[in-house]
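Structure file data-v4.pdb (PDB, C-alpha atoms and all ligand atoms) follows.
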ATOM      1  CA  MET A   1       0.000   0.000   0.000
ATOM      2  CA  LYS A   2       1.295   3.453  -0.959
ATOM      3  CA  ILE A   3       0.258   6.517   1.028
ATOM      4  CA  ARG A   4       1.247   9.916  -0.344
ATOM      5  CA  LEU A   5       1.077  12.916   1.965
ATOM      6  CA  VAL A   6      -0.200  15.615  -0.383
ATOM      7  CA  PRO A   7       1.815  18.817   0.139
ATOM      8  CA  SER A   8       0.022  22.136   0.402
ATOM      9  CA  ALA A   9       2.769  24.756   0.075
ATOM     10  CA  VAL A  10       3.818  26.007  -3.331
ATOM     11  CA  SER A  11       7.022  27.862  -2.515
ATOM     12  CA  PRO A  12      10.341  25.984  -2.805
ATOM     13  CA  GLY A  13      11.243  24.401   0.510
ATOM     14  CA  GLY A  14       7.848  25.262   1.929
ATOM     15  CA  GLY A  15       6.509  21.736   1.679
ATOM     16  CA  GLY A  16       8.584  20.178   4.421
ATOM     17  CA  ARG A  17       7.450  22.169   7.438
ATOM     18  CA  GLY A  18       3.994  21.014   8.361
ATOM     19  CA  THR A  19       0.985  21.464   6.139
ATOM     20  CA  PHE A  20      -1.642  24.143   5.763
ATOM     21  CA  LEU A  21      -4.070  21.611   4.271
ATOM     22  CA  SER A  22      -4.659  17.880   4.769
ATOM     23  CA  SER A  23      -4.999  15.098   2.223
ATOM     24  CA  TYR A  24      -3.649  11.641   1.484
ATOM     25  CA  VAL A  25      -3.558   9.697  -1.774
ATOM     26  CA  ILE A  26      -3.625   5.907  -1.405
ATOM     27  CA  ASP A  27      -2.321   3.699  -4.219
ATOM     28  CA  ASP A  28      -2.671   6.677  -6.619
ATOM     29  CA  GLU A  29      -6.450   6.185  -6.910
ATOM     30  CA  VAL A  30      -8.160   6.855  -3.612
ATOM     31  CA  ALA A  31      -7.932   9.966  -1.455
ATOM     32  CA  ILE A  32      -8.670  10.747   2.140
ATOM     33  CA  ASP A  33      -9.660  14.424   2.342
ATOM     34  CA  ALA A  34      -9.183  17.043  -0.295
ATOM     35  CA  GLY A  35      -7.259  19.866   1.353
ATOM     36  CA  GLY A  36      -4.569  20.093  -1.303
ATOM     37  CA  LEU A  37      -5.834  17.468  -3.745
ATOM     38  CA  GLY A  38      -6.993  19.957  -6.376
ATOM     39  CA  LEU A  39      -3.604  21.694  -6.215
ATOM     40  CA  LEU A  40      -1.605  18.682  -7.421
ATOM     41  CA  GLY A  41       0.314  20.191 -10.300
ATOM     42  CA  ASP A  42       0.485  17.087 -12.469
ATOM     43  CA  LEU A  43      -3.046  16.726 -13.823
ATOM     44  CA  LYS A  44      -2.526  13.009 -14.421
ATOM     45  CA  ASP A  45      -2.187  12.628 -10.640
ATOM     46  CA  GLN A  46      -5.623  14.201 -10.244
ATOM     47  CA  TYR A  47      -7.245  12.246 -13.096
ATOM     48  CA  ARG A  48      -6.312   8.909 -11.518
ATOM     49  CA  ILE A  49      -8.200   9.606  -8.291
ATOM     50  CA  HIS A  50     -11.772   8.299  -8.472
ATOM     51  CA  ASP A  51     -12.850   7.931  -4.842
ATOM     52  CA  ILE A  52     -12.524  10.529  -2.081
ATOM     53  CA  PHE A  53     -13.271   9.793   1.561
ATOM     54  CA  LEU A  54     -13.865  12.923   3.626
ATOM     55  CA  SER A  55     -13.161  12.943   7.346
ATOM     56  CA  HIS A  56     -15.071  16.153   8.143
ATOM     57  CA  SER A  57     -16.159  19.510   6.812
ATOM     58  CA  HIS A  58     -13.328  21.744   8.053
ATOM     59  CA  MET A  59     -11.752  23.902   5.381
ATOM     60  CA  ASP A  60      -8.232  22.460   5.650
ATOM     61  CA  HIS A  61      -9.728  19.075   4.637
ATOM     62  CA  ILE A  62     -12.042  20.222   1.801
ATOM     63  CA  ALA A  63     -10.383  23.442   0.543
ATOM     64  CA  SER A  64      -9.539  22.299  -2.972
ATOM     65  CA  LEU A  65     -12.411  19.804  -3.422
ATOM     66  CA  PRO A  66     -14.449  22.163  -5.689
ATOM     67  CA  ILE A  67     -11.361  22.843  -7.842
ATOM     68  CA  PHE A  68     -10.522  19.128  -8.001
ATOM     69  CA  LEU A  69     -14.049  18.142  -9.107
ATOM     70  CA  GLU A  70     -14.032  20.764 -11.824
ATOM     71  CA  THR A  71     -10.559  19.743 -13.038
ATOM     72  CA  VAL A  72     -11.264  16.018 -13.277
ATOM     73  CA  PHE A  73     -14.796  16.376 -14.738
ATOM     74  CA  GLN A  74     -15.027  14.102 -17.807
ATOM     75  CA  SER A  75     -11.297  13.299 -17.642
ATOM     76  CA  SER A  76     -12.353   9.649 -17.789
ATOM     77  CA  ASP A  77     -15.603   7.740 -18.206
ATOM     78  CA  ARG A  78     -15.642   7.265 -14.447
ATOM     79  CA  CYS A  79     -17.339   9.847 -12.231
ATOM     80  CA  VAL A  80     -15.676  10.637  -8.891
ATOM     81  CA  THR A  81     -17.410   9.168  -5.853
ATOM     82  CA  LEU A  82     -17.417  11.244  -2.694
ATOM     83  CA  HIS A  83     -17.756   9.201   0.506
ATOM     84  CA  ALA A  84     -18.612  11.234   3.597
ATOM     85  CA  GLY A  85     -20.720  11.178   6.729
ATOM     86  CA  ALA A  86     -24.200  12.733   6.615
ATOM     87  CA  ALA A  87     -23.171  15.861   8.571
ATOM     88  CA  THR A  88     -20.213  16.522   6.278
ATOM     89  CA  LEU A  89     -22.370  16.108   3.173
ATOM     90  CA  LYS A  90     -24.999  18.458   4.621
ATOM     91  CA  SER A  91     -22.336  21.083   5.208
ATOM     92  CA  LEU A  92     -20.925  20.653   1.687
ATOM     93  CA  ARG A  93     -24.377  21.104   0.146
ATOM     94  CA  GLU A  94     -25.293  24.121   2.288
ATOM     95  CA  ASP A  95     -21.938  25.868   2.701
ATOM     96  CA  VAL A  96     -19.897  25.081  -0.430
ATOM     97  CA  PHE A  97     -21.906  23.686  -3.360
ATOM     98  CA  ASN A  98     -24.670  26.228  -2.843
ATOM     99  CA  ASP A  99     -24.463  28.171  -6.137
ATOM    100  CA  ARG A 100     -22.873  31.069  -4.259
ATOM    101  CA  VAL A 101     -19.486  29.816  -3.055
ATOM    102  CA  TRP A 102     -19.391  27.257  -5.896
ATOM    103  CA  PRO A 103     -21.875  25.792  -8.406
ATOM    104  CA  ASP A 104     -24.074  23.037  -7.005
ATOM    105  CA  PHE A 105     -22.052  20.150  -8.446
ATOM    106  CA  ILE A 106     -24.000  17.653  -6.334
ATOM    107  CA  GLY A 107     -27.375  18.819  -7.680
ATOM    108  CA  MET A 108     -26.026  19.184 -11.240
ATOM    109  CA  SER A 109     -24.803  15.597 -11.077
ATOM    110  CA  GLU A 110     -28.418  14.480 -10.706
ATOM    111  CA  LYS A 111     -29.365  16.505 -13.817
ATOM    112  CA  GLY A 112     -27.061  15.045 -16.444
ATOM    113  CA  PHE A 113     -23.700  16.603 -15.494
ATOM    114  CA  PRO A 114     -21.948  13.835 -13.552
ATOM    115  CA  PHE A 115     -19.386  15.795 -11.526
ATOM    116  CA  VAL A 116     -19.686  13.603  -8.468
ATOM    117  CA  LYS A 117     -21.541  10.641  -6.985
ATOM    118  CA  VAL A 118     -22.296  10.686  -3.292
ATOM    119  CA  ASP A 119     -22.004   7.806  -0.836
ATOM    120  CA  VAL A 120     -23.115   8.339   2.759
ATOM    121  CA  LEU A 121     -20.656   6.775   5.207
ATOM    122  CA  GLU A 122     -21.780   5.211   8.455
ATOM    123  CA  PRO A 123     -19.332   4.620  11.287
ATOM    124  CA  GLY A 124     -18.209   0.995  11.349
ATOM    125  CA  ARG A 125     -19.595   0.138   7.888
ATOM    126  CA  MET A 126     -16.689  -0.896   5.656
ATOM    127  CA  VAL A 127     -16.574   0.281   2.034
ATOM    128  CA  GLU A 128     -14.518  -1.664  -0.488
ATOM    129  CA  VAL A 129     -12.917   0.282  -3.306
ATOM    130  CA  ALA A 130      -9.900  -0.277  -5.587
ATOM    131  CA  GLY A 131      -8.835  -3.316  -3.583
ATOM    132  CA  LEU A 132      -8.900  -1.322  -0.321
ATOM    133  CA  ARG A 133     -11.199  -1.897   2.630
ATOM    134  CA  MET A 134     -12.025   1.506   4.097
ATOM    135  CA  THR A 135     -13.671   1.476   7.522
ATOM    136  CA  PRO A 136     -14.831   4.849   8.895
ATOM    137  CA  ILE A 137     -14.629   5.202  12.671
ATOM    138  CA  ALA A 138     -16.105   8.114  14.637
ATOM    139  CA  VAL A 139     -13.505  10.196  16.494
ATOM    140  CA  ASP A 140     -13.892  13.163  18.858
ATOM    141  CA  HIS A 141     -13.561  16.533  17.075
ATOM    142  CA  VAL A 142     -15.655  19.734  17.187
ATOM    143  CA  VAL A 143     -17.770  18.646  14.203
ATOM    144  CA  PRO A 144     -18.812  15.050  13.383
ATOM    145  CA  THR A 145     -15.575  13.482  12.150
ATOM    146  CA  LEU A 146     -14.583  10.079  10.832
ATOM    147  CA  GLY A 147     -11.132   8.536  11.045
ATOM    148  CA  PHE A 148     -10.285   5.673   8.702
ATOM    149  CA  LEU A 149      -8.841   2.219   8.976
ATOM    150  CA  VAL A 150      -7.428   1.410   5.536
ATOM    151  CA  GLU A 151      -6.799  -2.265   4.811
ATOM    152  CA  ALA A 152      -5.154  -3.866   1.787
ATOM    153  CA  PRO A 153      -4.057  -7.497   1.506
ATOM    154  CA  GLY A 154      -1.180  -7.829   3.979
ATOM    155  CA  ALA A 155      -1.127  -4.234   5.245
ATOM    156  CA  ALA A 156      -3.365  -1.869   7.182
ATOM    157  CA  VAL A 157      -2.891   1.784   8.063
ATOM    158  CA  ALA A 158      -4.852   3.904  10.535
ATOM    159  CA  ILE A 159      -5.608   7.567   9.831
ATOM    160  CA  PRO A 160      -7.694   9.046  12.675
ATOM    161  CA  SER A 161      -7.827  12.567  11.100
ATOM    162  CA  ASP A 162      -8.514  15.522  13.414
ATOM    163  CA  THR A 163      -9.353  14.371  16.914
ATOM    164  CA  GLY A 164      -8.985  15.015  20.592
ATOM    165  CA  PRO A 165      -8.437  12.071  22.924
ATOM    166  CA  THR A 166     -10.513   9.072  21.811
ATOM    167  CA  ASP A 167     -10.857   5.407  22.809
ATOM    168  CA  ASN A 168     -13.180   4.272  20.050
ATOM    169  CA  PHE A 169     -10.624   4.632  17.287
ATOM    170  CA  TRP A 170      -7.860   2.739  19.102
ATOM    171  CA  LYS A 171     -10.202  -0.154  19.893
ATOM    172  CA  ALA A 172     -11.011  -0.478  16.184
ATOM    173  CA  ALA A 173      -7.382  -0.077  15.082
ATOM    174  CA  SER A 174      -6.341  -2.757  17.545
ATOM    175  CA  THR A 175      -8.484  -5.287  15.639
ATOM    176  CA  ALA A 176      -6.460  -4.877  12.404
ATOM    177  CA  PRO A 177      -4.084  -7.846  12.161
ATOM    178  CA  ASN A 178      -1.609  -6.214   9.775
ATOM    179  CA  LEU A 179      -1.472  -2.683  11.143
ATOM    180  CA  LYS A 180       1.735  -1.135   9.768
ATOM    181  CA  ALA A 181       1.432   2.520  10.768
ATOM    182  CA  VAL A 182      -0.714   5.256  12.273
ATOM    183  CA  PHE A 183      -0.803   8.799  10.871
ATOM    184  CA  LEU A 184      -1.784  10.817  13.950
ATOM    185  CA  GLU A 185      -2.362  14.546  14.233
ATOM    186  CA  THR A 186      -0.370  16.912  16.466
ATOM    187  CA  SER A 187      -1.713  20.375  15.884
ATOM    188  CA  PHE A 188      -0.416  22.470  18.766
ATOM    189  CA  PRO A 189       2.638  22.636  21.062
ATOM    190  CA  ASN A 190       2.303  21.478  24.686
ATOM    191  CA  ALA A 191       2.047  25.088  25.934
ATOM    192  CA  MET A 192      -1.222  25.425  24.009
ATOM    193  CA  HIS A 193      -2.880  22.468  25.782
ATOM    194  CA  GLU A 194      -6.030  24.476  26.624
ATOM    195  CA  LEU A 195      -6.585  25.479  23.000
ATOM    196  CA  ALA A 196      -6.005  21.868  21.926
ATOM    197  CA  VAL A 197      -8.676  20.716  24.410
ATOM    198  CA  VAL A 198     -11.216  23.340  23.296
ATOM    199  CA  SER A 199     -10.618  22.742  19.578
ATOM    200  CA  LYS A 200     -10.392  18.944  20.036
ATOM    201  CA  HIS A 201      -6.912  18.491  18.667
ATOM    202  CA  LEU A 202      -3.741  16.964  20.146
ATOM    203  CA  THR A 203      -0.434  18.298  21.493
ATOM    204  CA  PRO A 204       2.716  16.118  21.531
ATOM    205  CA  SER A 205       2.076  14.958  25.122
ATOM    206  CA  MET A 206      -1.537  14.090  24.250
ATOM    207  CA  PHE A 207      -0.212  12.320  21.127
ATOM    208  CA  ALA A 208       1.937  10.079  23.376
ATOM    209  CA  ALA A 209      -1.082   9.269  25.565
ATOM    210  CA  GLU A 210      -3.104   8.286  22.487
ATOM    211  CA  ALA A 211      -0.268   6.126  21.108
ATOM    212  CA  ARG A 212      -0.262   4.155  24.376
ATOM    213  CA  LYS A 213      -3.919   3.191  23.812
ATOM    214  CA  LEU A 214      -3.018   1.001  20.846
ATOM    215  CA  ASP A 215      -2.518  -2.630  21.841
ATOM    216  CA  ARG A 216       0.899  -2.900  20.154
ATOM    217  CA  ALA A 217       3.846  -0.818  18.993
ATOM    218  CA  VAL A 218       3.685   0.295  15.357
ATOM    219  CA  PRO A 219       5.316   3.289  13.635
ATOM    220  CA  PHE A 220       3.492   6.555  14.367
ATOM    221  CA  VAL A 221       3.742   9.345  11.811
ATOM    222  CA  ALA A 222       2.969  12.812  13.207
ATOM    223  CA  VAL A 223       0.870  14.875  10.789
ATOM    224  CA  HIS A 224      -1.337  18.004  10.786
ATOM    225  CA  ILE A 225       1.419  20.056  12.434
ATOM    226  CA  LYS A 226       0.517  23.728  12.125
ATOM    227  CA  PRO A 227       3.363  25.387  10.180
ATOM    228  CA  ARG A 228       3.494  28.301  12.640
ATOM    229  CA  PHE A 229       4.340  25.954  15.534
ATOM    230  CA  TYR A 230       6.344  23.430  13.509
ATOM    231  CA  ASP A 231       9.752  23.802  15.228
ATOM    232  CA  THR A 232       8.326  23.642  18.752
ATOM    233  CA  VAL A 233       6.007  20.717  18.021
ATOM    234  CA  VAL A 234       8.772  18.710  16.324
ATOM    235  CA  ALA A 235      11.191  19.380  19.226
ATOM    236  CA  GLU A 236       8.514  18.195  21.673
ATOM    237  CA  LEU A 237       7.779  15.104  19.567
ATOM    238  CA  ARG A 238      11.469  14.182  19.443
ATOM    239  CA  ILE A 239      11.678  13.705  23.219
ATOM    240  CA  LEU A 240       8.493  11.640  23.567
ATOM    241  CA  PRO A 241       8.804   8.073  24.841
ATOM    242  CA  VAL A 242       7.041   6.809  21.700
ATOM    243  CA  ILE A 243       9.100   4.173  19.923
ATOM    244  CA  ASP A 244       9.302   4.514  16.148
ATOM    245  CA  LEU A 245       7.938   8.039  15.853
ATOM    246  CA  HIS A 246       8.333   9.862  12.537
ATOM    247  CA  VAL A 247       7.495  13.410  11.533
ATOM    248  CA  GLY A 248       5.331  13.304   8.411
ATOM    249  CA  GLN A 249       7.010  14.695   5.308
ATOM    250  CA  PRO A 250       4.583  16.422   2.925
ATOM    251  CA  GLY A 251       5.120  15.163  -0.614
ATOM    252  CA  LEU A 252       6.579  11.855   0.547
ATOM    253  CA  THR A 253       5.034   8.530  -0.433
ATOM    254  CA  TYR A 254       5.089   5.926   2.344
ATOM    255  CA  GLU A 255       5.027   2.263   1.365
ATOM    256  CA  PHE A 256       3.794  -0.591   3.531
TER     257      PHE A 256
HETATM  258 ZN    ZN B 301     -10.835  19.830  11.911
HETATM  259 ZN    ZN B 302      -7.645  19.849  10.218
END
Just dump the structure as structure tokens.
Amino acid sequence: MKIRLVPSAVSPGGGGRGTFLSSYVIDDEVAIDAGGLGLLGDLKDQYRIHDIFLSHSHMDHIASLPIFLETVFQSSDRCVTLHAGAATLKSLREDVFNDRVWPDFIGMSEKGFPFVKVDVLEPGRMVEVAGLRMTPIAVDHVVPTLGFLVEAPGAAVAIPSDTGPTDNFWKAASTAPNLKAVFLETSFPNAMHELAVVSKHLTPSMFAAEARKLDRAVPFVAVHIKPRFYDTVVAELRILPVIDLHVGQPGLTYEF
């Protein structure tokens, strides 16, 4: 399984210090979130993606979705399928594809212009696509949010997305026999613990507490590090007692 951390900075050297936006491309064809997806400069990279799983409605996870859907429209005979929870889809319809912020691609798709198909995700119900088993799991963020357990033959990866402390996700991840890695968020430095609690994100010390909830030791990749706090967060991550901790590198493709 290949997981590409989609970069979101366009200036040279700007891609390696945290990310402004969040998205992952799995095996070139499936995406989790669409923060920077529509900004991938090589159009062929965009054309190959046919299924997008959204974790939640926050802008850093959907920012370039409208651009992506417009770019890939009719690039193949396959229409993109958008998989998201009911609350996320409601927000997309009302707040983005509302004919003010962007044309109503969802409504237009029902009237002969197939920009996007919609699939409503339910926590715990696995969806099989492109040889991947995608299981959405509810996490604890300020809007309804789904993390994902991604399973391919012989390898599984856990991507909880934005979350505060949660037990649910770790219970589900602990059932995956071939879990190879977890991509876990660390938004704020330890000094901003109160803001992390209010906004339902994690600091490095909260990250370590979450990692301990998994029933075994696997590599943890720290992601969703706010660029403004990058140096402090990375320094705090480096001294954590978490074995096999890596700082996510935007643009890098991880193979499991
Ligand atoms: Zn969020
Ligand atoms: Zn986020």
Practice problem: Please evaluate the PyMOL selection byres (((chain A and resi 6) around 6) and not hetatm) against the structure above and give the resulting residues as a ChimeraX atom specification. | Solution: /A:4-5,7,23-24,250-251
Give me the residues of chain A that have any atom at most 8 Å from an atom of ligand ZN 301 (chain B); for each, the nearest atom pair and the distance in Å, rounded to one decimal. Use all atoms listed in the file, sort by chain and number, and format it as JSON lines.
{"residue": "A:His56", "atom": "CA", "partner": "B:ZN301", "partner_atom": "ZN", "distance": 6.8}
{"residue": "A:Ser57", "atom": "CA", "partner": "B:ZN301", "partner_atom": "ZN", "distance": 7.4}
{"residue": "A:His58", "atom": "CA", "partner": "B:ZN301", "partner_atom": "ZN", "distance": 5.0}
{"residue": "A:Met59", "atom": "CA", "partner": "B:ZN301", "partner_atom": "ZN", "distance": 7.8}
{"residue": "A:Asp60", "atom": "CA", "partner": "B:ZN301", "partner_atom": "ZN", "distance": 7.3}
{"residue": "A:His61", "atom": "CA", "partner": "B:ZN301", "partner_atom": "ZN", "distance": 7.4}
{"residue": "A:His141", "atom": "CA", "partner": "B:ZN301", "partner_atom": "ZN", "distance": 6.7}
{"residue": "A:Val142", "atom": "CA", "partner": "B:ZN301", "partner_atom": "ZN", "distance": 7.1}
{"residue": "A:Val143", "atom": "CA", "partner": "B:ZN301", "partner_atom": "ZN", "distance": 7.4}
{"residue": "A:Thr145", "atom": "CA", "partner": "B:ZN301", "partner_atom": "ZN", "distance": 7.9}
{"residue": "A:Ser161", "atom": "CA", "partner": "B:ZN301", "partner_atom": "ZN", "distance": 7.9}
{"residue": "A:Asp162", "atom": "CA", "partner": "B:ZN301", "partner_atom": "ZN", "distance": 5.1}
{"residue": "A:Thr163", "atom": "CA", "partner": "B:ZN301", "partner_atom": "ZN", "distance": 7.6}
{"residue": "A:His201", "atom": "CA", "partner": "B:ZN301", "partner_atom": "ZN", "distance": 7.9}
If I wrap all listed atoms of range 87-100 of chain A in a box with edges along x, y and z and add 4 Å on each side, what are its centre and edge lengths in Å to one decimal, as JSON?
{"center_x": -22.6, "center_y": 23.5, "center_z": 1.2, "size_x": 13.4, "size_y": 23.2, "size_z": 22.7}
Exercise. With a distance cut-off of 10 Å and only C-alpha atoms, select the neighbouring residues of Gly147 in chain A, excluding the residue or stretch itself and same-chain residues fewer than 6 positions from it, and output the selection as JSON, numbers by chain.
Key: {"A": [32, 53, 54, 55, 56, 123, 134, 135, 136, 137, 138, 139, 140, 158, 159, 160, 161, 162, 163, 169]}
Quiz item: Which one is closest to Val221 in chain A: A:Ser91, A:Phe148, A:Ile3, A:Val198? Count all atoms listed in the file.
Solution: A:Ile3
Exercise. Apply the PyMOL selection byres (((chain A and resi 1) around 6) and not hetatm) to the displayed file and report the matching residues as a VMD selection string.
Key: chain A and resid 2 255 to 256
Quiz prompt | Non-local contacts of Val247 in chain A (9 Å; all atoms listed in the file; under 4 positions in same chain excluded) as a ChimeraX atom specification | solution = /A:18,220-223,234,237-238
Quiz item: Once the PyMOL selection byres (((chain A and resi 64) around 6) and not hetatm) has been applied to the shown file, what residues remain in the selection, as a ChimeraX atom specification?
Solution: /A:34-36,38,62-63,65-67
Could you write out that same residue set with C-alpha atoms as a short mmCIF file (atom, residue, chain, number, x, y, z; two decimals), in the coordinates of the input?
data_model
loop_
_atom_site.label_atom_id
_atom_site.label_comp_id
_atom_site.auth_asym_id
_atom_site.auth_seq_id
_atom_site.Cartn_x
_atom_site.Cartn_y
_atom_site.Cartn_z
CA ALA A 34 -9.18 17.04 -0.30
CA GLY A 35 -7.26 19.87 1.35
CA GLY A 36 -4.57 20.09 -1.30
CA GLY A 38 -6.99 19.96 -6.38
CA ILE A 62 -12.04 20.22 1.80
CA ALA A 63 -10.38 23.44 0.54
CA LEU A 65 -12.41 19.80 -3.42
CA PRO A 66 -14.45 22.16 -5.69
CA ILE A 67 -11.36 22.84 -7.84
#
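Of the listed residues (A:Leu39, A:Val120, A:Leu184, A:Val150), A:Leu184 comes nearest to His224 in chain A; the distances count all atoms listed in the file.
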Quiz item: Just how far from CA of Val182 in chain A is CA of Gly41 in chain A, in Å to one decimal?
Solution: 27.1 Å
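Here CA of Ala217 in chain A is placed at a distance of 23.7 Å from CA of Phe188 in chain A.
Note that CA of Ala173 in chain A and CA of Glu122 in chain A are 16.7 Å apart.
In this comparison, which uses all atoms listed in the file, the residue of A:Glu29, A:Pro189, A:Leu92, A:Leu252 approaching Tyr230 in chain A most closely is A:Pro189.
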Practice problem: May I have the residues within 9 Å of Ala176 in chain A as a list in words, using all atoms listed in the file and disregarding those fewer than 3 positions away in the same chain? | Solution: Leu149, Glu151, Ala155, Ala156, Val157, Ala172, Ala173 and Leu179 of chain A
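Of the listed residues (A:Thr203, A:Thr71, A:Thr81, A:Thr186), A:Thr186 comes nearest to ligand ZN 302 (chain B); the distances count all atoms listed in the file.
Between Ser75 in chain A and the candidates A:Pro114, A:Pro204, A:Pro153, A:Gly164, the tightest atom-to-atom separation, counting only C-alpha atoms, involves A:Pro114.
Taking all atoms listed in the file into account, the protein, DNA and RNA residues within 6 Å of (-15.1, 10.9, -10.2) read His50, Arg78, Cys79, Val80, Thr81 and Val116 of chain A.
Distance annotation: of A:Lys213, A:His246, A:Lys111, A:Lys226, the residue with the minimal separation from ligand ZN 302 (chain B) is A:Lys226; atom set is only C-alpha atoms and all ligand atoms.
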Exercise. For Lys117 in chain A, list every protein, DNA or RNA residue within 10 Å, evaluated using only C-alpha atoms, and leave out those in the same chain fewer than 6 positions away; present the list as a PyMOL selection string.
Key: chain A and resi 51+79-83+105-106+109-110
Quiz prompt | 12 Å contact set for Glu94 in chain A, all atoms listed in the file, chain neighbours under 5 positions out, as a PyMOL selection string | solution = chain A and resi 57+87-89+99-107
